[in-house]
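Student: Please see the structure below; I have some questions.
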Amino acid sequence: MKKMQQEIFTDSEQAVINYIMQHSENILDLSIYQLAKLSCSSTSTIVRVCKKLDFNGFKDFKTQLFKELKNQFLLEKTVDVNLPFQRNDSDYQVSLKIAQLTLESISQTQAYLNEKILQQSVDLLINAPTLIGIGISQNHVRLQEFQMKLLPIGRYIRLVNSQAEQFHLANNGNKDDVVLIISYSGKTADVVNEARMFHENGSKIIAITSNIKSPLAEYADLILDIPKFENLHFKVSNFSSQIAIEYILNVLYSCIYKRNFDMNYASVQLGPDSTFLF
């Protein structure tokens, strides 16, 4: 739904979009021919719309639409992501609201996942000669946690702590690098500048962001889109966005692990916790 609002369409394509937005719940019961007639368009126009939204076709589009509508129905927001608890809430009430916020954030993020983009991202990460992570502040911390998960299964993502070092990583990037870049807004100046340098050096970029029309997204080869939860200037904390980012990284790790499940499982069992001193 968000992509339909942000993408640029021709007039004929926009007529299809307008009809879908106004009758979203009824689209699930329509064939592509019925939708073409009702929206005064053609089947080829509908196919072009689906392709612009990164779907293989109308059936693939309807599958994702169903997931989003189901998600909206099941998860009417009961917690304000910017102000999830109030001054007079008890500690236990806070715990309940944070639990609900966590559930809602993960469910909504999962509904945004595009199966094709996810698969392509995992393929890139697995086959990368060199894997690099770029993010600042809490996003860098999430990447450090991702790095710790990957190490026991024999995979390494290169991280550096300072902004100056990230600049040099980008400046010396090459076509063998696959870069995982995290920016909620997609507008953080240093991160966008590094994305531009990696892009110019031929590196492949996977971006995790809530803004598919951001400067970061323009340089990305693949975008793992997350919901735009929070007001950037008024919030208690960035709970929801960090929950979403952590969830996406956990999904990426799990998919990498699953590709070679038996070997990775054996590798993890042989970790330090399995070593005994006699």
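Identifiers for the structure tokens are assigned positionally: chains receive A, B, ... in sequence, residues are indexed from 1 per chain, and ligands are indexed from 1 in the order shown.
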For the strand (DSSP E) assignment from backbone DSSP, which residues of range 101-246 of chain A qualify? Please present them as number ranges by chain.

Tutor: A: 130-134, 177-182, 204-209, 222-225

Student: Residues at most 9 Å from Ser121 in chain A, counting only C-alpha atoms, excluding those fewer than 2 positions away in the same chain, as number ranges by chain?

Tutor: A: 116-119, 123-126, 206, 222-224, 252

Student: Just checking: using only C-alpha atoms, which residue out of A:Ala15, A:Asp89, A:Leu249, A:Asp221 ends up closest to Gln147 in chain A?

Tutor: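 Among the listed residues, the smallest separation from Gln147 in chain A belongs to A:Leu249.
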
Student: With distances taken over only C-alpha atoms, which residue among A:Leu216, A:Arg155, A:Glu115, A:Phe146 lies nearest Thr63 in chain A?

Tutor: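 Nearest to Thr63 in chain A: A:Glu115.
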
Student: Neighbours of Lys62 in chain A within 10 Å (only C-alpha atoms; same-chain residues fewer than 2 positions away dropped), as a JSON list (two decimals) with C-alpha atoms, in the first residue's frame?

Tutor:
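Result file is around.json:
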```json
[["chain", "number", "residue", "atom", "x", "y", "z"],
["A", 24, "SER", "CA", -8.80, -2.76, -1.78],
["A", 27, "ILE", "CA", -9.68, -6.68, -5.29],
["A", 28, "LEU", "CA", -8.96, -10.08, -3.77],
["A", 29, "ASP", "CA", -12.09, -11.52, -5.44],
["A", 30, "LEU", "CA", -11.39, -10.07, -8.88],
["A", 31, "SER", "CA", -9.59, -11.55, -11.84],
["A", 50, "CYS", "CA", 2.49, -4.99, -10.68],
["A", 55, "PHE", "CA", 5.70, -8.26, -8.18],
["A", 57, "GLY", "CA", 2.23, -10.50, -11.74],
["A", 58, "PHE", "CA", -1.30, -9.81, -10.55],
["A", 59, "LYS", "CA", -1.55, -13.06, -8.56],
["A", 60, "ASP", "CA", 1.67, -12.26, -6.70],
["A", 64, "GLN", "CA", 0.80, -9.49, -0.73],
["A", 65, "LEU", "CA", -2.31, -7.31, -0.62],
["A", 66, "PHE", "CA", -4.14, -10.06, 1.27],
["A", 67, "LYS", "CA", -1.31, -10.23, 3.81],
["A", 68, "GLU", "CA", -1.40, -6.49, 4.39]]
```

Student: Please, which residues of range 15-134 of chain A, numbered as in this document, come out helix (DSSP H, G or I) from DSSP, as a compact mmCIF listing (two decimals) with N, CA, C and O atoms, in the first residue's frame?

Tutor:
```txt
# COMPACT_ATOMS: atom_id res chain seq x y z
N ALA A 15 -4.93 5.26 -12.75
CA ALA A 15 -6.35 4.92 -12.68
C ALA A 15 -6.54 3.55 -12.03
O ALA A 15 -7.47 3.35 -11.23
N VAL A 16 -5.66 2.63 -12.33
CA VAL A 16 -5.70 1.30 -11.71
C VAL A 16 -5.41 1.42 -10.21
O VAL A 16 -6.10 0.84 -9.37
N ILE A 17 -4.37 2.19 -9.89
CA ILE A 17 -3.98 2.39 -8.49
C ILE A 17 -5.13 3.01 -7.70
O ILE A 17 -5.46 2.58 -6.59
N ASN A 18 -5.75 4.03 -8.26
CA ASN A 18 -6.86 4.70 -7.56
C ASN A 18 -7.99 3.72 -7.27
O ASN A 18 -8.58 3.74 -6.19
N TYR A 19 -8.29 2.87 -8.24
CA TYR A 19 -9.37 1.90 -8.04
C TYR A 19 -8.99 0.91 -6.94
O TYR A 19 -9.81 0.60 -6.06
N ILE A 20 -7.76 0.44 -6.97
CA ILE A 20 -7.31 -0.52 -5.95
C ILE A 20 -7.36 0.11 -4.57
O ILE A 20 -7.81 -0.52 -3.60
N MET A 21 -6.88 1.35 -4.45
CA MET A 21 -6.86 2.02 -3.14
C MET A 21 -8.27 2.22 -2.60
O MET A 21 -8.51 2.11 -1.40
N GLN A 22 -9.23 2.50 -3.49
CA GLN A 22 -10.60 2.76 -3.06
C GLN A 22 -11.40 1.49 -2.82
O GLN A 22 -12.38 1.50 -2.08
N SER A 24 -9.85 -1.77 -2.06
CA SER A 24 -8.80 -2.76 -1.78
C SER A 24 -9.36 -4.12 -1.32
O SER A 24 -8.87 -5.17 -1.74
N GLU A 25 -10.39 -4.10 -0.49
CA GLU A 25 -10.90 -5.36 0.04
C GLU A 25 -11.60 -6.19 -1.03
O GLU A 25 -11.68 -7.42 -0.93
N ASN A 26 -12.11 -5.53 -2.08
CA ASN A 26 -12.81 -6.26 -3.14
C ASN A 26 -11.86 -6.80 -4.21
O ASN A 26 -12.23 -7.70 -4.97
N ILE A 27 -10.63 -6.27 -4.26
CA ILE A 27 -9.68 -6.68 -5.29
C ILE A 27 -9.36 -8.16 -5.20
O ILE A 27 -9.14 -8.84 -6.21
N ILE A 32 -7.85 -10.51 -13.15
CA ILE A 32 -7.18 -9.38 -13.80
C ILE A 32 -8.08 -8.76 -14.87
O ILE A 32 -8.08 -7.55 -15.09
N TYR A 33 -8.91 -9.60 -15.51
CA TYR A 33 -9.82 -9.10 -16.54
C TYR A 33 -10.93 -8.25 -15.93
O TYR A 33 -11.31 -7.21 -16.48
N GLN A 34 -11.44 -8.70 -14.78
CA GLN A 34 -12.49 -7.93 -14.11
C GLN A 34 -11.96 -6.59 -13.61
O GLN A 34 -12.64 -5.56 -13.72
N LEU A 35 -10.74 -6.60 -13.06
CA LEU A 35 -10.15 -5.35 -12.58
C LEU A 35 -9.93 -4.39 -13.75
O LEU A 35 -10.16 -3.18 -13.61
N ALA A 36 -9.47 -4.91 -14.88
CA ALA A 36 -9.25 -4.06 -16.05
C ALA A 36 -10.55 -3.38 -16.49
O ALA A 36 -10.56 -2.18 -16.79
N LYS A 37 -11.64 -4.13 -16.47
CA LYS A 37 -12.93 -3.56 -16.88
C LYS A 37 -13.40 -2.51 -15.88
O LYS A 37 -13.85 -1.42 -16.26
N LEU A 38 -13.31 -2.83 -14.58
CA LEU A 38 -13.82 -1.93 -13.55
C LEU A 38 -12.98 -0.64 -13.44
O LEU A 38 -13.51 0.41 -13.07
N THR A 43 -5.45 -5.25 -19.21
CA THR A 43 -4.66 -6.23 -18.45
C THR A 43 -3.17 -5.91 -18.53
O THR A 43 -2.43 -6.11 -17.55
N SER A 44 -2.71 -5.41 -19.68
CA SER A 44 -1.29 -5.07 -19.82
C SER A 44 -0.91 -3.92 -18.89
O SER A 44 0.20 -3.88 -18.33
N THR A 45 -1.83 -2.97 -18.69
CA THR A 45 -1.57 -1.86 -17.76
C THR A 45 -1.44 -2.39 -16.33
O THR A 45 -0.56 -1.97 -15.57
N ILE A 46 -2.31 -3.30 -15.97
CA ILE A 46 -2.27 -3.88 -14.62
C ILE A 46 -0.97 -4.64 -14.41
O ILE A 46 -0.35 -4.55 -13.34
N VAL A 47 -0.53 -5.38 -15.42
CA VAL A 47 0.74 -6.10 -15.32
C VAL A 47 1.90 -5.12 -15.13
O VAL A 47 2.79 -5.35 -14.31
N ARG A 48 1.88 -4.00 -15.86
CA ARG A 48 2.94 -2.99 -15.69
C ARG A 48 2.94 -2.42 -14.29
O ARG A 48 4.00 -2.20 -13.69
N VAL A 49 1.75 -2.18 -13.74
CA VAL A 49 1.65 -1.68 -12.37
C VAL A 49 2.28 -2.68 -11.40
O VAL A 49 3.06 -2.31 -10.51
N CYS A 50 1.95 -3.95 -11.56
CA CYS A 50 2.49 -4.99 -10.68
C CYS A 50 4.01 -5.06 -10.78
O CYS A 50 4.70 -5.22 -9.77
N LYS A 51 4.54 -4.93 -12.00
CA LYS A 51 6.00 -4.96 -12.19
C LYS A 51 6.66 -3.77 -11.52
O LYS A 51 7.73 -3.90 -10.92
N LYS A 52 6.04 -2.59 -11.62
CA LYS A 52 6.60 -1.40 -10.97
C LYS A 52 6.64 -1.56 -9.45
O LYS A 52 7.48 -0.96 -8.78
N PHE A 58 -0.13 -10.20 -11.33
CA PHE A 58 -1.30 -9.81 -10.55
C PHE A 58 -1.55 -10.78 -9.40
O PHE A 58 -1.94 -10.36 -8.30
N LYS A 59 -1.33 -12.08 -9.62
CA LYS A 59 -1.55 -13.06 -8.56
C LYS A 59 -0.60 -12.82 -7.39
O LYS A 59 -0.99 -12.87 -6.22
N ASP A 60 0.66 -12.55 -7.72
CA ASP A 60 1.67 -12.26 -6.70
C ASP A 60 1.28 -10.99 -5.93
O ASP A 60 1.41 -10.91 -4.70
N PHE A 61 0.80 -9.99 -6.65
CA PHE A 61 0.36 -8.73 -6.03
C PHE A 61 -0.80 -8.98 -5.06
O PHE A 61 -0.82 -8.47 -3.95
N LYS A 62 -1.79 -9.78 -5.48
CA LYS A 62 -2.95 -10.04 -4.63
C LYS A 62 -2.55 -10.79 -3.36
O LYS A 62 -3.14 -10.57 -2.29
N THR A 63 -1.56 -11.67 -3.46
CA THR A 63 -1.09 -12.40 -2.27
C THR A 63 -0.55 -11.44 -1.23
O THR A 63 -0.88 -11.55 -0.04
N GLN A 64 0.25 -10.46 -1.67
CA GLN A 64 0.80 -9.49 -0.73
C GLN A 64 -0.28 -8.56 -0.20
O GLN A 64 -0.28 -8.20 0.99
N LEU A 65 -1.22 -8.18 -1.06
CA LEU A 65 -2.31 -7.31 -0.62
C LEU A 65 -3.14 -8.00 0.45
O LEU A 65 -3.53 -7.38 1.45
N PHE A 66 -3.39 -9.29 0.27
CA PHE A 66 -4.14 -10.06 1.27
C PHE A 66 -3.41 -10.04 2.61
O PHE A 66 -4.03 -9.86 3.67
N LYS A 67 -2.09 -10.23 2.58
CA LYS A 67 -1.31 -10.23 3.81
C LYS A 67 -1.41 -8.89 4.53
O LYS A 67 -1.56 -8.84 5.75
N GLU A 68 -1.35 -7.81 3.77
CA GLU A 68 -1.40 -6.49 4.39
C GLU A 68 -2.78 -6.19 4.96
O GLU A 68 -2.90 -5.64 6.06
N LEU A 69 -3.83 -6.55 4.24
CA LEU A 69 -5.19 -6.32 4.73
C LEU A 69 -5.47 -7.15 5.97
O LEU A 69 -6.10 -6.69 6.92
N LYS A 70 -4.99 -8.39 5.96
CA LYS A 70 -5.15 -9.26 7.13
C LYS A 70 -4.41 -8.67 8.32
O LYS A 70 -4.93 -8.66 9.44
N ASN A 71 -3.22 -8.16 8.05
CA ASN A 71 -2.42 -7.57 9.12
C ASN A 71 -3.12 -6.35 9.71
O ASN A 71 -3.16 -6.16 10.92
N GLN A 72 -3.71 -5.52 8.86
CA GLN A 72 -4.41 -4.33 9.34
C GLN A 72 -5.65 -4.71 10.15
O GLN A 72 -5.98 -4.06 11.15
N PHE A 73 -6.32 -5.77 9.73
CA PHE A 73 -7.52 -6.21 10.44
C PHE A 73 -7.19 -6.78 11.81
O PHE A 73 -7.86 -6.50 12.80
N LEU A 74 -6.14 -7.60 11.85
CA LEU A 74 -5.79 -8.27 13.11
C LEU A 74 -5.09 -7.34 14.08
O LEU A 74 -5.12 -7.55 15.29
N ASP A 91 4.10 0.06 36.39
CA ASP A 91 5.19 -0.66 35.73
C ASP A 91 4.65 -1.84 34.92
O ASP A 91 5.12 -2.12 33.81
N TYR A 92 3.65 -2.51 35.46
CA TYR A 92 3.09 -3.67 34.77
C TYR A 92 2.34 -3.24 33.51
O TYR A 92 2.41 -3.91 32.47
N GLN A 93 1.63 -2.11 33.58
CA GLN A 93 0.96 -1.59 32.38
C GLN A 93 1.97 -1.24 31.30
O GLN A 93 1.74 -1.49 30.10
N VAL A 94 3.11 -0.69 31.71
CA VAL A 94 4.18 -0.39 30.74
C VAL A 94 4.65 -1.68 30.07
O VAL A 94 4.84 -1.74 28.85
N SER A 95 4.80 -2.74 30.88
CA SER A 95 5.27 -4.01 30.32
C SER A 95 4.29 -4.56 29.29
O SER A 95 4.70 -5.09 28.25
N LEU A 96 3.01 -4.42 29.55
CA LEU A 96 1.99 -4.90 28.61
C LEU A 96 2.02 -4.10 27.31
O LEU A 96 1.90 -4.65 26.21
N LYS A 97 2.18 -2.78 27.44
CA LYS A 97 2.17 -1.93 26.25
C LYS A 97 3.41 -2.15 25.39
O LYS A 97 3.33 -2.14 24.15
N ILE A 98 4.55 -2.35 26.02
CA ILE A 98 5.77 -2.62 25.26
C ILE A 98 5.69 -3.98 24.57
O ILE A 98 6.15 -4.14 23.43
N ALA A 99 5.06 -4.95 25.23
CA ALA A 99 4.85 -6.26 24.61
C ALA A 99 3.96 -6.13 23.37
O ALA A 99 4.25 -6.71 22.32
N GLN A 100 2.88 -5.36 23.50
CA GLN A 100 1.97 -5.16 22.37
C GLN A 100 2.66 -4.40 21.24
O GLN A 100 2.49 -4.72 20.06
N LEU A 101 3.44 -3.40 21.61
CA LEU A 101 4.19 -2.62 20.62
C LEU A 101 5.15 -3.53 19.84
O LEU A 101 5.28 -3.41 18.61
N THR A 102 5.80 -4.44 20.55
CA THR A 102 6.73 -5.37 19.92
C THR A 102 6.02 -6.28 18.92
O THR A 102 6.47 -6.47 17.79
N LEU A 103 4.88 -6.83 19.34
CA LEU A 103 4.10 -7.72 18.47
C LEU A 103 3.63 -6.98 17.22
O LEU A 103 3.73 -7.50 16.09
N GLU A 104 3.11 -5.78 17.41
CA GLU A 104 2.60 -5.01 16.28
C GLU A 104 3.73 -4.65 15.31
O GLU A 104 3.57 -4.74 14.09
N SER A 105 4.87 -4.25 15.86
CA SER A 105 5.99 -3.83 15.02
C SER A 105 6.50 -4.97 14.16
O SER A 105 6.74 -4.80 12.95
N ILE A 106 6.64 -6.15 14.76
CA ILE A 106 7.13 -7.31 14.01
C ILE A 106 6.12 -7.75 12.95
O ILE A 106 6.49 -8.03 11.80
N SER A 107 4.85 -7.81 13.32
CA SER A 107 3.83 -8.26 12.38
C SER A 107 3.72 -7.32 11.18
O SER A 107 3.58 -7.76 10.03
N GLN A 108 3.79 -6.03 11.44
CA GLN A 108 3.69 -5.07 10.34
C GLN A 108 4.93 -5.11 9.46
O GLN A 108 4.83 -4.97 8.23
N THR A 109 6.08 -5.33 10.06
CA THR A 109 7.31 -5.44 9.27
C THR A 109 7.28 -6.68 8.40
O THR A 109 7.67 -6.64 7.22
N GLN A 110 6.80 -7.78 8.95
CA GLN A 110 6.72 -9.02 8.16
C GLN A 110 5.78 -8.85 6.97
O GLN A 110 6.05 -9.35 5.88
N ALA A 111 4.72 -8.09 7.16
CA ALA A 111 3.76 -7.86 6.07
C ALA A 111 4.39 -7.06 4.94
O ALA A 111 3.95 -7.15 3.79
N TYR A 112 5.43 -6.29 5.22
CA TYR A 112 6.10 -5.50 4.20
C TYR A 112 7.11 -6.31 3.39
O TYR A 112 7.54 -5.88 2.32
N GLU A 115 8.86 -11.40 -0.94
CA GLU A 115 9.55 -12.70 -0.99
C GLU A 115 10.71 -12.69 -2.00
O GLU A 115 11.79 -13.22 -1.72
N LYS A 116 10.49 -12.08 -3.14
CA LYS A 116 11.53 -12.05 -4.17
C LYS A 116 12.73 -11.24 -3.72
O LYS A 116 13.89 -11.67 -3.89
N ILE A 117 12.48 -10.06 -3.13
CA ILE A 117 13.58 -9.20 -2.65
C ILE A 117 14.33 -9.90 -1.52
O ILE A 117 15.57 -9.84 -1.46
N LEU A 118 13.61 -10.57 -0.63
CA LEU A 118 14.26 -11.29 0.47
C LEU A 118 15.19 -12.37 -0.08
O LEU A 118 16.34 -12.50 0.35
N GLN A 119 14.70 -13.16 -1.02
CA GLN A 119 15.50 -14.24 -1.58
C GLN A 119 16.75 -13.69 -2.28
O GLN A 119 17.86 -14.23 -2.13
N GLN A 120 16.58 -12.62 -3.05
CA GLN A 120 17.72 -12.02 -3.74
C GLN A 120 18.74 -11.46 -2.75
O GLN A 120 19.96 -11.55 -2.98
N SER A 121 18.26 -10.89 -1.65
CA SER A 121 19.16 -10.35 -0.62
C SER A 121 19.98 -11.45 0.02
O SER A 121 21.20 -11.32 0.21
N VAL A 122 19.32 -12.56 0.35
CA VAL A 122 20.03 -13.69 0.97
C VAL A 122 21.05 -14.26 -0.01
O VAL A 122 22.19 -14.58 0.37
N ASP A 123 20.69 -14.37 -1.28
CA ASP A 123 21.63 -14.85 -2.30
C ASP A 123 22.88 -13.97 -2.35
O ASP A 123 24.01 -14.47 -2.40
N LEU A 124 22.67 -12.65 -2.34
CA LEU A 124 23.81 -11.73 -2.38
C LEU A 124 24.69 -11.88 -1.14
O LEU A 124 25.92 -11.92 -1.25
N LEU A 125 24.07 -11.98 0.03
CA LEU A 125 24.84 -12.08 1.27
C LEU A 125 25.64 -13.37 1.32
O LEU A 125 26.80 -13.39 1.77
N ILE A 126 25.06 -14.45 0.86
CA ILE A 126 25.74 -15.75 0.90
C ILE A 126 26.91 -15.80 -0.08
O ILE A 126 27.97 -16.35 0.23
N ASN A 127 26.74 -15.21 -1.23
CA ASN A 127 27.75 -15.29 -2.29
C ASN A 127 28.75 -14.14 -2.28
O ASN A 127 29.62 -14.08 -3.15
```

Student: Please provide as a ChimeraX atom specification all residues within 8 Å of Gln6 in chain A, with the sequence filter that same-chain residues fewer than 3 positions apart are discarded (counting only C-alpha atoms).

Tutor: /A:2-3,212-213

Student: Those selected residues, please, written with all heavy atoms and delivered as a PDB file, in the first residue's frame.

Tutor:
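Dumped to again28.pdb:
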```pdb
ATOM      1  N   LYS A   2       1.956   1.218   0.751  1.00  0.00           N
ATOM      2  CA  LYS A   2       2.840   2.376   0.802  1.00  0.00           C
ATOM      3  C   LYS A   2       3.514   2.603  -0.552  1.00  0.00           C
ATOM      4  O   LYS A   2       3.651   3.738  -1.017  1.00  0.00           O
ATOM      5  CB  LYS A   2       3.897   2.197   1.892  1.00  0.00           C
ATOM      6  CG  LYS A   2       4.779   3.424   2.089  1.00  0.00           C
ATOM      7  CD  LYS A   2       5.619   3.339   3.339  1.00  0.00           C
ATOM      8  CE  LYS A   2       6.793   2.432   3.168  1.00  0.00           C
ATOM      9  NZ  LYS A   2       7.744   2.507   4.295  1.00  0.00           N
ATOM     10  N   LYS A   3       3.931   1.519  -1.196  1.00  0.00           N
ATOM     11  CA  LYS A   3       4.574   1.645  -2.507  1.00  0.00           C
ATOM     12  C   LYS A   3       3.618   2.233  -3.537  1.00  0.00           C
ATOM     13  O   LYS A   3       4.029   3.006  -4.401  1.00  0.00           O
ATOM     14  CB  LYS A   3       5.068   0.278  -2.977  1.00  0.00           C
ATOM     15  CG  LYS A   3       6.323  -0.205  -2.275  1.00  0.00           C
ATOM     16  CD  LYS A   3       6.785  -1.528  -2.863  1.00  0.00           C
ATOM     17  CE  LYS A   3       8.048  -1.994  -2.179  1.00  0.00           C
ATOM     18  NZ  LYS A   3       8.518  -3.286  -2.731  1.00  0.00           N
ATOM     19  N   ILE A 212      11.447   4.243   0.668  1.00  0.00           N
ATOM     20  CA  ILE A 212      11.905   3.688  -0.605  1.00  0.00           C
ATOM     21  C   ILE A 212      12.148   4.760  -1.659  1.00  0.00           C
ATOM     22  O   ILE A 212      12.592   4.447  -2.765  1.00  0.00           O
ATOM     23  CB  ILE A 212      10.910   2.636  -1.139  1.00  0.00           C
ATOM     24  CG1 ILE A 212       9.538   3.265  -1.418  1.00  0.00           C
ATOM     25  CG2 ILE A 212      10.789   1.469  -0.193  1.00  0.00           C
ATOM     26  CD1 ILE A 212       8.555   2.334  -2.087  1.00  0.00           C
ATOM     27  N   LYS A 213      11.876   6.011  -1.328  1.00  0.00           N
ATOM     28  CA  LYS A 213      12.158   7.126  -2.227  1.00  0.00           C
ATOM     29  C   LYS A 213      13.249   8.032  -1.653  1.00  0.00           C
ATOM     30  O   LYS A 213      13.403   9.178  -2.077  1.00  0.00           O
ATOM     31  CB  LYS A 213      10.882   7.946  -2.485  1.00  0.00           C
ATOM     32  CG  LYS A 213       9.822   7.208  -3.285  1.00  0.00           C
ATOM     33  CD  LYS A 213      10.323   6.875  -4.681  1.00  0.00           C
ATOM     34  CE  LYS A 213       9.281   6.165  -5.503  1.00  0.00           C
ATOM     35  NZ  LYS A 213       9.785   5.791  -6.837  1.00  0.00           N
TER      36      LYS A 213
END
```

Student: Residues of range 33-151 of chain A that have any atom at most 9 Å from an atom of range 180-188 of chain A: could you tabulate them with the shortest-distance atom pair and the distance in Å to one decimal, using only C-alpha atoms, ordered by chain and increasing number, as CSV?

Tutor:
```
residue,atom,partner,partner_atom,distance
A:Leu125,CA,A:Leu180,CA,8.6
A:Leu131,CA,A:Leu180,CA,7.6
A:Ile132,CA,A:Leu180,CA,6.2
A:Gly133,CA,A:Leu180,CA,4.9
A:Ile134,CA,A:Ile181,CA,4.7
A:Gly135,CA,A:Ile182,CA,5.2
A:Ile136,CA,A:Ser183,CA,8.1
A:Asn139,CA,A:Ile182,CA,6.3
A:His140,CA,A:Ile182,CA,8.2
A:Leu143,CA,A:Ile182,CA,8.6
```

Student: Write a file of the just-selected residues containing all heavy atoms, as a CSV table (one decimal), in the first residue's frame.

Tutor:
```csv
chain,number,residue,atom,x,y,z
A,125,LEU,N,24.1,-12.0,0.0
A,125,LEU,CA,24.8,-12.1,1.3
A,125,LEU,C,25.6,-13.4,1.3
A,125,LEU,O,26.8,-13.4,1.8
A,125,LEU,CB,23.9,-12.0,2.5
A,125,LEU,CG,23.2,-10.7,2.7
A,125,LEU,CD1,22.1,-10.8,3.8
A,125,LEU,CD2,24.1,-9.6,3.0
A,131,LEU,N,31.7,-9.0,2.7
A,131,LEU,CA,30.4,-8.4,3.2
A,131,LEU,C,30.8,-7.3,4.2
A,131,LEU,O,31.5,-7.5,5.1
A,131,LEU,CB,29.6,-9.5,3.9
A,131,LEU,CG,28.3,-9.1,4.5
A,131,LEU,CD1,27.4,-8.5,3.4
A,131,LEU,CD2,27.6,-10.3,5.1
A,132,ILE,N,30.1,-6.1,4.0
A,132,ILE,CA,30.4,-5.0,4.8
A,132,ILE,C,29.1,-4.4,5.3
A,132,ILE,O,28.1,-4.4,4.7
A,132,ILE,CB,31.1,-3.8,3.9
A,132,ILE,CG1,32.4,-4.3,3.4
A,132,ILE,CG2,31.2,-2.5,4.7
A,132,ILE,CD1,33.1,-3.4,2.4
A,133,GLY,N,29.1,-4.0,6.6
A,133,GLY,CA,27.9,-3.4,7.2
A,133,GLY,C,28.2,-1.9,7.5
A,133,GLY,O,29.2,-1.5,8.0
A,134,ILE,N,27.2,-1.1,7.2
A,134,ILE,CA,27.2,0.4,7.4
A,134,ILE,C,26.0,0.8,8.2
A,134,ILE,O,24.9,0.6,7.7
A,134,ILE,CB,27.3,1.1,6.1
A,134,ILE,CG1,28.6,0.8,5.3
A,134,ILE,CG2,27.3,2.6,6.3
A,134,ILE,CD1,29.9,1.3,6.0
A,135,GLY,N,26.2,1.5,9.3
A,135,GLY,CA,25.1,2.0,10.1
A,135,GLY,C,25.7,2.8,11.2
A,135,GLY,O,26.8,2.6,11.6
A,136,ILE,N,25.0,3.8,11.7
A,136,ILE,CA,25.5,4.6,12.8
A,136,ILE,C,24.6,4.4,14.0
A,136,ILE,O,23.4,4.0,13.9
A,136,ILE,CB,25.6,6.1,12.4
A,136,ILE,CG1,24.2,6.7,12.1
A,136,ILE,CG2,26.6,6.3,11.3
A,136,ILE,CD1,24.3,8.2,11.8
A,139,ASN,N,21.8,1.5,14.9
A,139,ASN,CA,21.9,0.7,13.7
A,139,ASN,C,23.2,-0.1,13.7
A,139,ASN,O,23.3,-1.2,13.2
A,139,ASN,CB,21.7,1.5,12.5
A,139,ASN,CG,20.2,2.0,12.4
A,139,ASN,OD1,19.3,1.4,12.9
A,139,ASN,ND2,20.1,3.1,11.7
A,140,HIS,N,24.3,0.6,14.1
A,140,HIS,CA,25.6,0.0,14.2
A,140,HIS,C,25.6,-1.2,15.2
A,140,HIS,O,26.2,-2.2,15.0
A,140,HIS,CB,26.7,1.0,14.5
A,140,HIS,CG,28.1,0.4,14.5
A,140,HIS,ND1,28.7,0.1,13.3
A,140,HIS,CD2,28.9,0.0,15.5
A,140,HIS,CE1,29.9,-0.4,13.6
A,140,HIS,NE2,30.0,-0.4,14.9
A,143,LEU,N,24.0,-4.2,13.8
A,143,LEU,CA,24.9,-4.8,12.9
A,143,LEU,C,26.0,-5.6,13.7
A,143,LEU,O,26.4,-6.7,13.2
A,143,LEU,CB,25.6,-3.8,12.0
A,143,LEU,CG,24.7,-3.3,10.8
A,143,LEU,CD1,25.4,-2.1,10.2
A,143,LEU,CD2,24.5,-4.4,9.8
```
